[in-house]
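> Got a structure for you, written out below as structure tokens; questions coming shortly.
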Amino acid sequence: MTKIRTRYAPSPTGRMHVGNLRTALYAYLITRHAGGDFILRIEDTDQERYFEGAVDIIYRTLEKTGLDYDEGPDKDGGVGPYVQSERMKTGIYMKYALQLVEKGEAYYCFCDKERLERLHAEAADGEVAKYDKHCLSLTKEEIEANLAAGKPFVIRQNIPAEGTTTFHDEIYGDITAPNEELDDMVLIKSDGYPTYNFANVVDDHLMGITHVVRGNEYLSSAPKYTRLYAAFGWEEPVYVHCPLITDEEHKKLSKRSGHSSYEDLIEQGFVNEAVVNFVALLGWSPENNQEIMTKQELIEAFDYKKISKSPAVFDIQKLRWMNGEYIKQMDDEDYLMRALPEVSKAVTKPYDLRKIAMLLKGRIEVFPDIPSMIDFFEELPDYDTEIYAHKKMKTNSENSLEVLTELLPRFEESDDYSFEGIQKLLTDYIAEKEIKNGQALWPVRIAVSGKQSTPGGAYEIMEILGKEESLRRIRIGIEKLKQ
RNA sequence: GGCUCCAUGGUCAAGAGGUUAAGACAUCGCCCUUUCACGGCGGUAACCCGGGUUCAAUUCCCGGUGGAGUCACCA
């Protein structure tokens, strides 16, 4: 059995789409599961969409998501270069294209933009224009003359007008398309660059790729690739077309959704591992139904034959849940590194920010949740005294006022504002008065936070606020309740 | 519109020719708790429709319907 070789072949056009991330991940998992090679190839044949820095995004994203590759532009494995623009300079694409021309499987086309546009315009209502093979009938002399005159040209694949083409996909089975539906696609563009469609086939073959993993938006162009392989007489790779990832409207995930790229998600406070874990489960699930999985567990469990066929909605709600699980598992220092900047956004006063941050671990799903949960530390909100009422604790404005009034002098006297000190003061009071914990703790917490729900309880909050501010807030509470 | 693909709760997702049709997220309720959350327990909620094959179909086949993808000198 030959060693499995898969590749991730992104175009440097911007951020990494989550669909691409999943495709890369599946290719990666297939290879690692089987002990094969994972190859990175940069497909920069579109000069117009290329921009400086886009390649760096690819490197960075692969690194952060833990998709280490065995061969790539910076890791020669003997079948390079691994960047298509560099490969082009060696002339391989033209060489192979001319081979097809020789065989009659491809042909020169000199049609200009105007003619092609006319073809589109003339297409009958509801019909889609296909290239009409106009240049296929050019004589050898005409072609020579055009070339000699320096006329711009493309090379097109010559697909028979009749018959059908069938290919096999590991997920979808045999798929057959009528040839008349297949356009004579451009192989070599007029700028000399190969199209994605062509470079892909040539490179996959030359690089010994055994399994081609890609999104199922390529399903309808796959027959053309099959014809290309056949034209060359090359063996086709194993195809694994992944189901689409869609938005809530069941449309292909697009930029409009606001979370279509890996970088979007990271900016929104998601952690790498959670994103990778979540995306892995979009279209596949392990036998044992485990949900939280490390990369290693994914590698061991991954079986591409069990990838599903139907599209999956990207449910950000579930990602949030999963992210929360990852945050809970983080070690404290890592957590603080991510959480502290968010804490600082809401709290500028000299409180113990680490303590505040630790209050939130286990309560947040994404880091940007933090500021709105702790803004009360910075400034006591102008709250309504109605929130002093708590049904279960049987608290209301009257008994809350009583509790606070009685506690105020005790707090004024005390100088121990440690967690334990505050706790002791309050539990002593509760024992003395023979009331329920909540009957004292609830009003105190409301007074010092001004919020119905807070991370941490009365002890934690008062410890962080300190004596002076705690007293100030309790006095405000008493004033509010008197009115 | 042509072609192609898809179809189990709101979402992800198991599953098998005969099952009480898993599990997770979300949602609802209860318990725990100094609030919220966490955690624990429980509830609501699904096999698109019509034929056929079969003793038996949600599962296999065909048709319909619905949804999606794709139809570039973009990838």
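Here, A, B, ... name the chains of the structure tokens in the order displayed, residue numbers run from 1 inside each chain, and ligands are numbered from 1 in the same displayed order.
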Find the spatial neighbours of Gly421 (chain A), counting only C-alpha atoms (C1' of nucleotides), within a cut-off of 12 Å - ignore same-chain residues fewer than 2 positions away - and output them as JSON, numbers by chain.

{"A": [410, 411, 414, 415, 416, 417, 418, 419, 423, 424, 425, 426, 427, 428, 459, 460, 462, 463, 466, 467]}

> Deliver the residues from the most recent selection as a file, using N, CA and C atoms, as a PDB file, in the first residue's frame.


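Output file out-v5.pdb is given in full below:
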```
ATOM      1  N   ARG A 410     -21.015  47.545  62.056  1.00  0.00           N
ATOM      2  CA  ARG A 410     -20.080  46.425  62.213  1.00  0.00           C
ATOM      3  C   ARG A 410     -18.981  46.496  61.142  1.00  0.00           C
ATOM      4  N   PHE A 411     -19.419  46.827  59.949  1.00  0.00           N
ATOM      5  CA  PHE A 411     -18.430  46.933  58.868  1.00  0.00           C
ATOM      6  C   PHE A 411     -17.520  48.126  59.102  1.00  0.00           C
ATOM      7  N   SER A 414     -14.929  47.053  61.647  1.00  0.00           N
ATOM      8  CA  SER A 414     -13.996  46.010  61.225  1.00  0.00           C
ATOM      9  C   SER A 414     -12.901  46.561  60.332  1.00  0.00           C
ATOM     10  N   ASP A 415     -11.737  45.988  60.467  1.00  0.00           N
ATOM     11  CA  ASP A 415     -10.650  46.358  59.564  1.00  0.00           C
ATOM     12  C   ASP A 415     -10.182  45.163  58.766  1.00  0.00           C
ATOM     13  N   ASP A 416     -10.827  44.051  59.031  1.00  0.00           N
ATOM     14  CA  ASP A 416     -10.444  42.836  58.309  1.00  0.00           C
ATOM     15  C   ASP A 416     -11.334  42.666  57.083  1.00  0.00           C
ATOM     16  N   TYR A 417     -10.836  43.113  55.952  1.00  0.00           N
ATOM     17  CA  TYR A 417     -11.633  42.991  54.726  1.00  0.00           C
ATOM     18  C   TYR A 417     -11.125  41.863  53.838  1.00  0.00           C
ATOM     19  N   SER A 418     -10.562  40.872  54.488  1.00  0.00           N
ATOM     20  CA  SER A 418     -10.219  39.671  53.725  1.00  0.00           C
ATOM     21  C   SER A 418     -11.494  38.854  53.548  1.00  0.00           C
ATOM     22  N   PHE A 419     -11.456  37.942  52.623  1.00  0.00           N
ATOM     23  CA  PHE A 419     -12.604  37.082  52.376  1.00  0.00           C
ATOM     24  C   PHE A 419     -13.085  36.468  53.682  1.00  0.00           C
ATOM     25  N   GLN A 423     -16.505  37.146  55.737  1.00  0.00           N
ATOM     26  CA  GLN A 423     -17.351  35.973  55.921  1.00  0.00           C
ATOM     27  C   GLN A 423     -17.705  35.803  57.402  1.00  0.00           C
ATOM     28  N   LYS A 424     -16.715  35.948  58.233  1.00  0.00           N
ATOM     29  CA  LYS A 424     -16.942  35.757  59.666  1.00  0.00           C
ATOM     30  C   LYS A 424     -17.926  36.787  60.198  1.00  0.00           C
ATOM     31  N   LEU A 425     -17.680  38.038  59.802  1.00  0.00           N
ATOM     32  CA  LEU A 425     -18.564  39.106  60.260  1.00  0.00           C
ATOM     33  C   LEU A 425     -20.013  38.803  59.887  1.00  0.00           C
ATOM     34  N   LEU A 426     -20.198  38.381  58.652  1.00  0.00           N
ATOM     35  CA  LEU A 426     -21.559  38.154  58.180  1.00  0.00           C
ATOM     36  C   LEU A 426     -22.187  36.904  58.786  1.00  0.00           C
ATOM     37  N   THR A 427     -21.407  35.842  58.868  1.00  0.00           N
ATOM     38  CA  THR A 427     -22.007  34.612  59.414  1.00  0.00           C
ATOM     39  C   THR A 427     -22.300  34.782  60.911  1.00  0.00           C
ATOM     40  N   ASP A 428     -21.476  35.537  61.595  1.00  0.00           N
ATOM     41  CA  ASP A 428     -21.764  35.814  63.001  1.00  0.00           C
ATOM     42  C   ASP A 428     -23.097  36.540  63.131  1.00  0.00           C
ATOM     43  N   TYR A 459     -19.071  38.185  49.714  1.00  0.00           N
ATOM     44  CA  TYR A 459     -17.713  38.127  50.279  1.00  0.00           C
ATOM     45  C   TYR A 459     -16.668  38.532  49.247  1.00  0.00           C
ATOM     46  N   GLU A 460     -16.753  37.876  48.105  1.00  0.00           N
ATOM     47  CA  GLU A 460     -15.753  38.119  47.070  1.00  0.00           C
ATOM     48  C   GLU A 460     -15.745  39.576  46.629  1.00  0.00           C
ATOM     49  N   MET A 462     -16.873  42.294  48.176  1.00  0.00           N
ATOM     50  CA  MET A 462     -16.402  43.239  49.195  1.00  0.00           C
ATOM     51  C   MET A 462     -14.892  43.154  49.396  1.00  0.00           C
ATOM     52  N   GLU A 463     -14.391  41.953  49.310  1.00  0.00           N
ATOM     53  CA  GLU A 463     -12.946  41.792  49.460  1.00  0.00           C
ATOM     54  C   GLU A 463     -12.224  42.605  48.392  1.00  0.00           C
ATOM     55  N   GLY A 466     -12.804  46.495  48.890  1.00  0.00           N
ATOM     56  CA  GLY A 466     -12.114  47.070  50.044  1.00  0.00           C
ATOM     57  C   GLY A 466     -13.077  47.808  50.953  1.00  0.00           C
ATOM     58  N   LYS A 467     -12.565  48.210  52.087  1.00  0.00           N
ATOM     59  CA  LYS A 467     -13.428  48.784  53.130  1.00  0.00           C
ATOM     60  C   LYS A 467     -14.135  50.062  52.685  1.00  0.00           C
TER      61      LYS A 467
END
```

> Could you list the residues in chain B lying within 7 Å of chain A, using only C-alpha atoms (C1' of nucleotides), and format the result as a list in words?

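The complete set of qualifying residues is G1, C3, U4, C6, U11, C12, G23, C25, U34, U35, C36, A37, C38, G69, U70, C71, C73 and A75 of chain B.
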
> Just asking: which residues within region 152-328 of chain A are helix (DSSP H, G or I) according to DSSP, as a ChimeraX atom specification?

/A:179-181,196-206,216-218,222-232,255-257,262-267,272-280,295-301,304-306,316-328

> Could you please take those selected residues and save C-alpha atoms as a PDB file, in the first residue's frame?


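Result went into result.pdb, see below:
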```pdb
ATOM      1  CA  ASN A 179     -20.501  15.960 -21.110  1.00  0.00           C
ATOM      2  CA  GLU A 180     -22.634  18.539 -22.802  1.00  0.00           C
ATOM      3  CA  GLU A 181     -22.873  20.264 -19.426  1.00  0.00           C
ATOM      4  CA  TYR A 196      -6.775  26.749 -10.514  1.00  0.00           C
ATOM      5  CA  ASN A 197      -8.536  23.913 -12.270  1.00  0.00           C
ATOM      6  CA  PHE A 198      -5.513  23.002 -14.307  1.00  0.00           C
ATOM      7  CA  ALA A 199      -2.720  23.713 -11.868  1.00  0.00           C
ATOM      8  CA  ASN A 200      -4.503  21.666  -9.301  1.00  0.00           C
ATOM      9  CA  VAL A 201      -4.595  18.557 -11.404  1.00  0.00           C
ATOM     10  CA  VAL A 202      -1.044  18.895 -12.631  1.00  0.00           C
ATOM     11  CA  ASP A 203       0.348  19.599  -9.190  1.00  0.00           C
ATOM     12  CA  ASP A 204      -1.605  16.933  -7.402  1.00  0.00           C
ATOM     13  CA  HIS A 205      -0.255  14.442  -9.875  1.00  0.00           C
ATOM     14  CA  LEU A 206       3.310  15.692  -9.786  1.00  0.00           C
ATOM     15  CA  ASN A 216     -18.387  19.874  -2.182  1.00  0.00           C
ATOM     16  CA  GLU A 217     -18.761  23.087  -4.139  1.00  0.00           C
ATOM     17  CA  TYR A 218     -16.215  21.359  -6.374  1.00  0.00           C
ATOM     18  CA  ALA A 222     -14.939  17.377 -10.671  1.00  0.00           C
ATOM     19  CA  PRO A 223     -15.908  15.618 -13.927  1.00  0.00           C
ATOM     20  CA  LYS A 224     -13.746  18.084 -15.820  1.00  0.00           C
ATOM     21  CA  TYR A 225     -10.813  17.115 -13.680  1.00  0.00           C
ATOM     22  CA  THR A 226     -11.559  13.492 -14.333  1.00  0.00           C
ATOM     23  CA  ARG A 227     -11.376  14.187 -18.054  1.00  0.00           C
ATOM     24  CA  LEU A 228      -8.099  15.943 -17.527  1.00  0.00           C
ATOM     25  CA  TYR A 229      -6.639  12.960 -15.729  1.00  0.00           C
ATOM     26  CA  ALA A 230      -7.920  10.729 -18.473  1.00  0.00           C
ATOM     27  CA  ALA A 231      -6.469  12.990 -21.143  1.00  0.00           C
ATOM     28  CA  PHE A 232      -3.068  12.745 -19.518  1.00  0.00           C
ATOM     29  CA  LYS A 255     -18.564  36.879   5.095  1.00  0.00           C
ATOM     30  CA  ARG A 256     -21.961  38.326   5.806  1.00  0.00           C
ATOM     31  CA  SER A 257     -22.457  35.975   8.721  1.00  0.00           C
ATOM     32  CA  TYR A 262     -11.032  31.593  11.571  1.00  0.00           C
ATOM     33  CA  GLU A 263      -9.694  35.044  12.343  1.00  0.00           C
ATOM     34  CA  ASP A 264     -13.211  36.378  12.890  1.00  0.00           C
ATOM     35  CA  LEU A 265     -13.747  33.733  15.511  1.00  0.00           C
ATOM     36  CA  ILE A 266     -10.493  34.414  17.260  1.00  0.00           C
ATOM     37  CA  GLU A 267     -11.308  38.109  17.359  1.00  0.00           C
ATOM     38  CA  ASN A 272      -7.975  27.818  18.882  1.00  0.00           C
ATOM     39  CA  GLU A 273      -8.647  24.409  20.312  1.00  0.00           C
ATOM     40  CA  ALA A 274     -12.360  25.026  20.609  1.00  0.00           C
ATOM     41  CA  VAL A 275     -12.631  26.232  17.036  1.00  0.00           C
ATOM     42  CA  VAL A 276     -10.723  23.246  15.717  1.00  0.00           C
ATOM     43  CA  ASN A 277     -12.706  20.841  17.873  1.00  0.00           C
ATOM     44  CA  PHE A 278     -15.994  22.361  16.837  1.00  0.00           C
ATOM     45  CA  VAL A 279     -15.202  22.472  13.158  1.00  0.00           C
ATOM     46  CA  ALA A 280     -14.076  18.849  13.226  1.00  0.00           C
ATOM     47  CA  LYS A 295      -6.186  16.974  18.383  1.00  0.00           C
ATOM     48  CA  GLN A 296      -4.601  13.658  19.243  1.00  0.00           C
ATOM     49  CA  GLU A 297      -7.976  12.122  19.997  1.00  0.00           C
ATOM     50  CA  LEU A 298      -9.296  13.443  16.713  1.00  0.00           C
ATOM     51  CA  ILE A 299      -6.411  11.892  14.840  1.00  0.00           C
ATOM     52  CA  GLU A 300      -6.967   8.528  16.440  1.00  0.00           C
ATOM     53  CA  ALA A 301     -10.714   8.496  15.968  1.00  0.00           C
ATOM     54  CA  TYR A 304     -13.159   9.798   6.651  1.00  0.00           C
ATOM     55  CA  LYS A 305     -15.565   7.175   5.426  1.00  0.00           C
ATOM     56  CA  LYS A 306     -17.928   8.370   8.092  1.00  0.00           C
ATOM     57  CA  ILE A 316     -22.351  29.529  16.941  1.00  0.00           C
ATOM     58  CA  GLN A 317     -24.348  28.810  20.064  1.00  0.00           C
ATOM     59  CA  LYS A 318     -22.806  25.403  20.358  1.00  0.00           C
ATOM     60  CA  LEU A 319     -19.375  26.790  19.627  1.00  0.00           C
ATOM     61  CA  ARG A 320     -19.866  29.197  22.506  1.00  0.00           C
ATOM     62  CA  TRP A 321     -20.718  26.342  24.794  1.00  0.00           C
ATOM     63  CA  MET A 322     -17.699  24.390  23.648  1.00  0.00           C
ATOM     64  CA  ASN A 323     -15.494  27.425  24.053  1.00  0.00           C
ATOM     65  CA  GLY A 324     -16.735  27.787  27.613  1.00  0.00           C
ATOM     66  CA  GLU A 325     -15.713  24.204  28.249  1.00  0.00           C
ATOM     67  CA  TYR A 326     -12.235  24.954  26.963  1.00  0.00           C
ATOM     68  CA  ILE A 327     -11.956  28.058  29.084  1.00  0.00           C
ATOM     69  CA  LYS A 328     -12.855  26.053  32.167  1.00  0.00           C
TER      70      LYS A 328
END
```

> Taking only region 60-215 of chain A into account, list the residues labelled strand (DSSP E or B) by DSSP (computed from the backbone), as a PDB file with C-alpha atoms, in the first residue's frame.


```
ATOM      1  CA  GLU A  71       6.210  19.523   3.126  1.00  0.00           C
ATOM      2  CA  GLY A  72       5.635  23.076   2.045  1.00  0.00           C
ATOM      3  CA  LYS A  75       9.912  22.569   4.051  1.00  0.00           C
ATOM      4  CA  VAL A  83       4.149  27.818  -4.594  1.00  0.00           C
ATOM      5  CA  ALA A 106      -6.920  20.947 -25.568  1.00  0.00           C
ATOM      6  CA  TYR A 107      -6.699  23.799 -28.029  1.00  0.00           C
ATOM      7  CA  TYR A 108      -5.630  27.380 -28.481  1.00  0.00           C
ATOM      8  CA  CYS A 109      -8.362  29.943 -28.223  1.00  0.00           C
ATOM      9  CA  VAL A 154      -5.747  30.938 -23.764  1.00  0.00           C
ATOM     10  CA  ILE A 155      -5.631  27.182 -23.871  1.00  0.00           C
ATOM     11  CA  ARG A 156      -8.899  25.396 -23.396  1.00  0.00           C
ATOM     12  CA  GLN A 157      -9.736  21.857 -22.495  1.00  0.00           C
ATOM     13  CA  THR A 164     -21.015  11.192 -19.952  1.00  0.00           C
ATOM     14  CA  THR A 165     -18.205  11.348 -17.449  1.00  0.00           C
ATOM     15  CA  THR A 166     -18.190   9.445 -14.179  1.00  0.00           C
ATOM     16  CA  PHE A 167     -15.964   9.771 -11.181  1.00  0.00           C
ATOM     17  CA  HIS A 168     -15.968   8.185  -7.787  1.00  0.00           C
ATOM     18  CA  ASP A 169     -16.111  10.014  -4.514  1.00  0.00           C
ATOM     19  CA  GLY A 173     -20.220   7.423  -4.424  1.00  0.00           C
ATOM     20  CA  ASP A 174     -20.254   7.420  -8.211  1.00  0.00           C
ATOM     21  CA  ILE A 175     -21.302  10.657  -9.803  1.00  0.00           C
ATOM     22  CA  THR A 176     -22.066  10.923 -13.497  1.00  0.00           C
ATOM     23  CA  ALA A 177     -22.424  14.121 -15.456  1.00  0.00           C
ATOM     24  CA  PRO A 178     -23.407  14.591 -19.084  1.00  0.00           C
ATOM     25  CA  VAL A 186      -9.557  27.541 -19.657  1.00  0.00           C
ATOM     26  CA  LEU A 187      -6.368  25.763 -18.662  1.00  0.00           C
ATOM     27  CA  ILE A 188      -3.848  28.486 -19.325  1.00  0.00           C
ATOM     28  CA  PRO A 194      -2.604  28.288 -15.238  1.00  0.00           C
ATOM     29  CA  HIS A 211      -6.289  11.790  -1.469  1.00  0.00           C
ATOM     30  CA  VAL A 212      -7.867  15.017  -2.593  1.00  0.00           C
ATOM     31  CA  VAL A 213     -10.001  16.527   0.133  1.00  0.00           C
ATOM     32  CA  ARG A 214     -12.102  19.516  -0.805  1.00  0.00           C
ATOM     33  CA  GLY A 215     -15.434  21.179  -0.297  1.00  0.00           C
TER      34      GLY A 215
END
```

> One decimal, Å: what's the distance from C1' of A68 (chain B) over to CA of Leu119 (chain A), could you say?

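Distance between the two atoms: 28.1 Å.
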
> To one decimal place in Å, what is the distance between C1' of U59 (chain B) and C1' of G15 (chain B)?

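Atom-to-atom, C1' of U59 (chain B) to C1' of G15 (chain B), that is 9.2 Å.
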
> Counting only C-alpha atoms (C1' of nucleotides), which of B:A16, B:C32, B:A26, B:C41 gets nearest to A57 (chain B)?

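Residue with the minimum atom-to-atom distance to A57 (chain B): B:A16.
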
> Using only C-alpha atoms (C1' of nucleotides) for the distances, tell me which of B:A21, B:C74, B:A7, B:A14 is nearest to A46 (chain B).

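Counting only C-alpha atoms (C1' of nucleotides), the residue closest to A46 (chain B) is B:A21.
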
> Could you list, as a PyMOL selection string, every residue within 12 Å of U65 (chain B), counting only C-alpha atoms (C1' of nucleotides) and ignoring same-chain residues fewer than 3 positions away?

chain B and resi 7+48-50

> At a cut-off of 12 Å, using only C-alpha atoms (C1' of nucleotides), what residues contact G29 (chain B)? Leave out same-chain residues fewer than 4 positions from it and give the result as a list in words.

C41, G42, G43 and U44 of chain B
